[in-house]
Amino acid sequence: SPIIAPGLQPALLTAALAALIALAAPLHQAVLAVPVVLLQAVTAAGWFRLNGMWPARQGIALAFAGGLTADIALLATGPGDAATVGIGTLGVWFPLVLILQLRNRGSSDERLYALTAGLASSALAIVAAGHLAAAAHSVTAVVAGAVAVAAATVVRALPLPAAVSYAAALAAAVAAGLGAGLFADAGGPGALLGAVAGVCALVGLRVASYDYPSRFVHMTAGVALPLAVAAPAVYVLSRAIG
């Protein structure tokens, strides 16, 4: 099956969402939570549709609730508790997904697909809170990661040969991260953040391009996955910078 990339319109929406994250990060964690919640909602819906499951309202709602729970826990705890919050939320939500599938009356294959999609969607929605957790350690890391993802996603959507497109997208991510880092007097770490976030964005785009994706997939998973996949890396690097 052909691999069809999301294209420019979803890339611009990703850039807009990344800009909201970058603008909200210096303000307050509660303000940053707003675009993060939006990211989690689009991630949960997009992952189920990417796996060919629609409608899947209960699974989407459960995955989104997991991300929302992680956000609330991060806002209520200290910056050193982020890993515990993430692992704890995953530890609670995985059994909940299993319990939800006990009510599934489909075939064994359908139940397996629904289970794996539910687990993956919940995990992605929860780890997307990494942007919120990272802000407690380094606002620069959040800003640099967000602008790097935006740059890589938009450049990747340009009509260029595949090899050139990947190289240009990664170079744009490094440049964007470096620029954000220099603005905050953290040039070297900013470039590293840009490179790592750019690679994560390209991985997210590749996943959203899998196996004849529909326009709905492109406008949900194609928009959200570059930022969601980058969130854990941004958090880990924020600890080093902070």
# chains A, B, ... in the order shown; residues from 1 in each chain; ligands from 1

call {"tool": "closest_atom_pairs", "arguments": {"of": "stretch 103-160 of chain A", "to": "stretch 187-206 of chain A", "cutoff": "9 Å", "atoms": "only C-alpha atoms", "output": "tab-separated table"}}
result
residue	atom	partner	partner_atom	distance
A:Thr140	CA	A:Gly190	CA	7.8
A:Ala141	CA	A:Leu193	CA	6.9
A:Ala144	CA	A:Gly190	CA	6.0
A:Gly145	CA	A:Ala197	CA	5.5
A:Ala146	CA	A:Ala197	CA	7.8
A:Val147	CA	A:Gly194	CA	8.0
A:Ala148	CA	A:Gly194	CA	4.9
A:Val149	CA	A:Gly198	CA	5.4
A:Ala150	CA	A:Ala201	CA	8.4
A:Ala151	CA	A:Gly198	CA	8.0
A:Ala152	CA	A:Gly198	CA	5.6
A:Thr153	CA	A:Ala201	CA	6.6
A:Arg156	CA	A:Leu202	CA	7.9

call {"tool": "select_by_dssp", "arguments": {"residues": "stretch 11-228 of chain A", "states": "alpha helix (DSSP H)", "output": "number ranges by chain"}}
result
A: 11-24, 29-50, 57-76, 82-101, 108-127, 130-135, 139-156, 162-183, 187-208, 215-228

call {"tool": "closest_residue", "arguments": {"among": "A:Val36, A:Ala163, A:Ala114, A:Met219", "to": "A:Asn51", "atoms": "only C-alpha atoms"}}
result
A:Ala114

call {"tool": "closest_residue", "arguments": {"among": "A:Val142, A:Ala63, A:Leu38, A:Ala82", "to": "A:Ala24", "atoms": "only C-alpha atoms"}}
result
A:Val142

call {"tool": "residues_around", "arguments": {"residues": "A:Leu100", "least_positions_apart": "3", "cutoff": "12 Å", "atoms": "only C-alpha atoms", "output": "list in words"}}
result
Ala56, Arg57, Gln58, Gly59, Ile60, Ala61, Leu62, Ala63, Trp93, Phe94, Pro95, Leu96, Val97, Arg103, Asn104, Arg105, Arg111, Ala114, Leu115, Gly118 and Leu119 of chain A

call {"tool": "residues_around", "arguments": {"residues": "A:Leu27", "least_positions_apart": "3", "cutoff": "12 Å", "atoms": "only C-alpha atoms", "output": "PyMOL selection string"}}
result
chain A and resi 20-24+30-34+132+135-136+139+142-143

call {"tool": "atom_distance", "arguments": {"atom1": "atom CA of A:Gly67", "atom2": "atom CA of A:Thr220"}}
result
16.1 Å

call {"tool": "closest_residue", "arguments": {"among": "A:Ala133, A:Val207, A:Ala157, A:Ala70", "to": "A:Ile3", "atoms": "only C-alpha atoms"}}
result
A:Val207

call {"tool": "residues_around", "arguments": {"residues": "A:Arg239", "least_positions_apart": "2", "cutoff": "8 Å", "atoms": "only C-alpha atoms", "output": "PDB file with C-alpha atoms, in the first residue's frame"}}
result
ATOM      1  CA  ALA A 134       9.034  19.764  30.844  1.00  0.00           C
ATOM      2  CA  HIS A 137      12.209  22.237  34.506  1.00  0.00           C
ATOM      3  CA  SER A 138      12.992  24.353  31.435  1.00  0.00           C
ATOM      4  CA  TYR A 235      10.811  16.223  28.934  1.00  0.00           C
ATOM      5  CA  VAL A 236      14.009  14.149  29.238  1.00  0.00           C
ATOM      6  CA  LEU A 237      16.146  16.920  27.716  1.00  0.00           C
ATOM      7  CA  ILE A 241      18.943  21.631  30.669  1.00  0.00           C
ATOM      8  CA  GLY A 242      17.100  22.575  33.845  1.00  0.00           C
TER       9      GLY A 242
END

call {"tool": "closest_residue", "arguments": {"among": "A:Ala169, A:Leu227, A:Leu8, A:Ile126", "to": "A:Gly91", "atoms": "only C-alpha atoms"}}
result
A:Ile126

call {"tool": "atom_distance", "arguments": {"atom1": "atom CA of A:Ala180", "atom2": "atom CA of A:Val127"}}
result
23.2 Å

call {"tool": "atom_distance", "arguments": {"atom1": "atom CA of A:Gln29", "atom2": "atom CA of A:Gly181"}}
result
20.0 Å
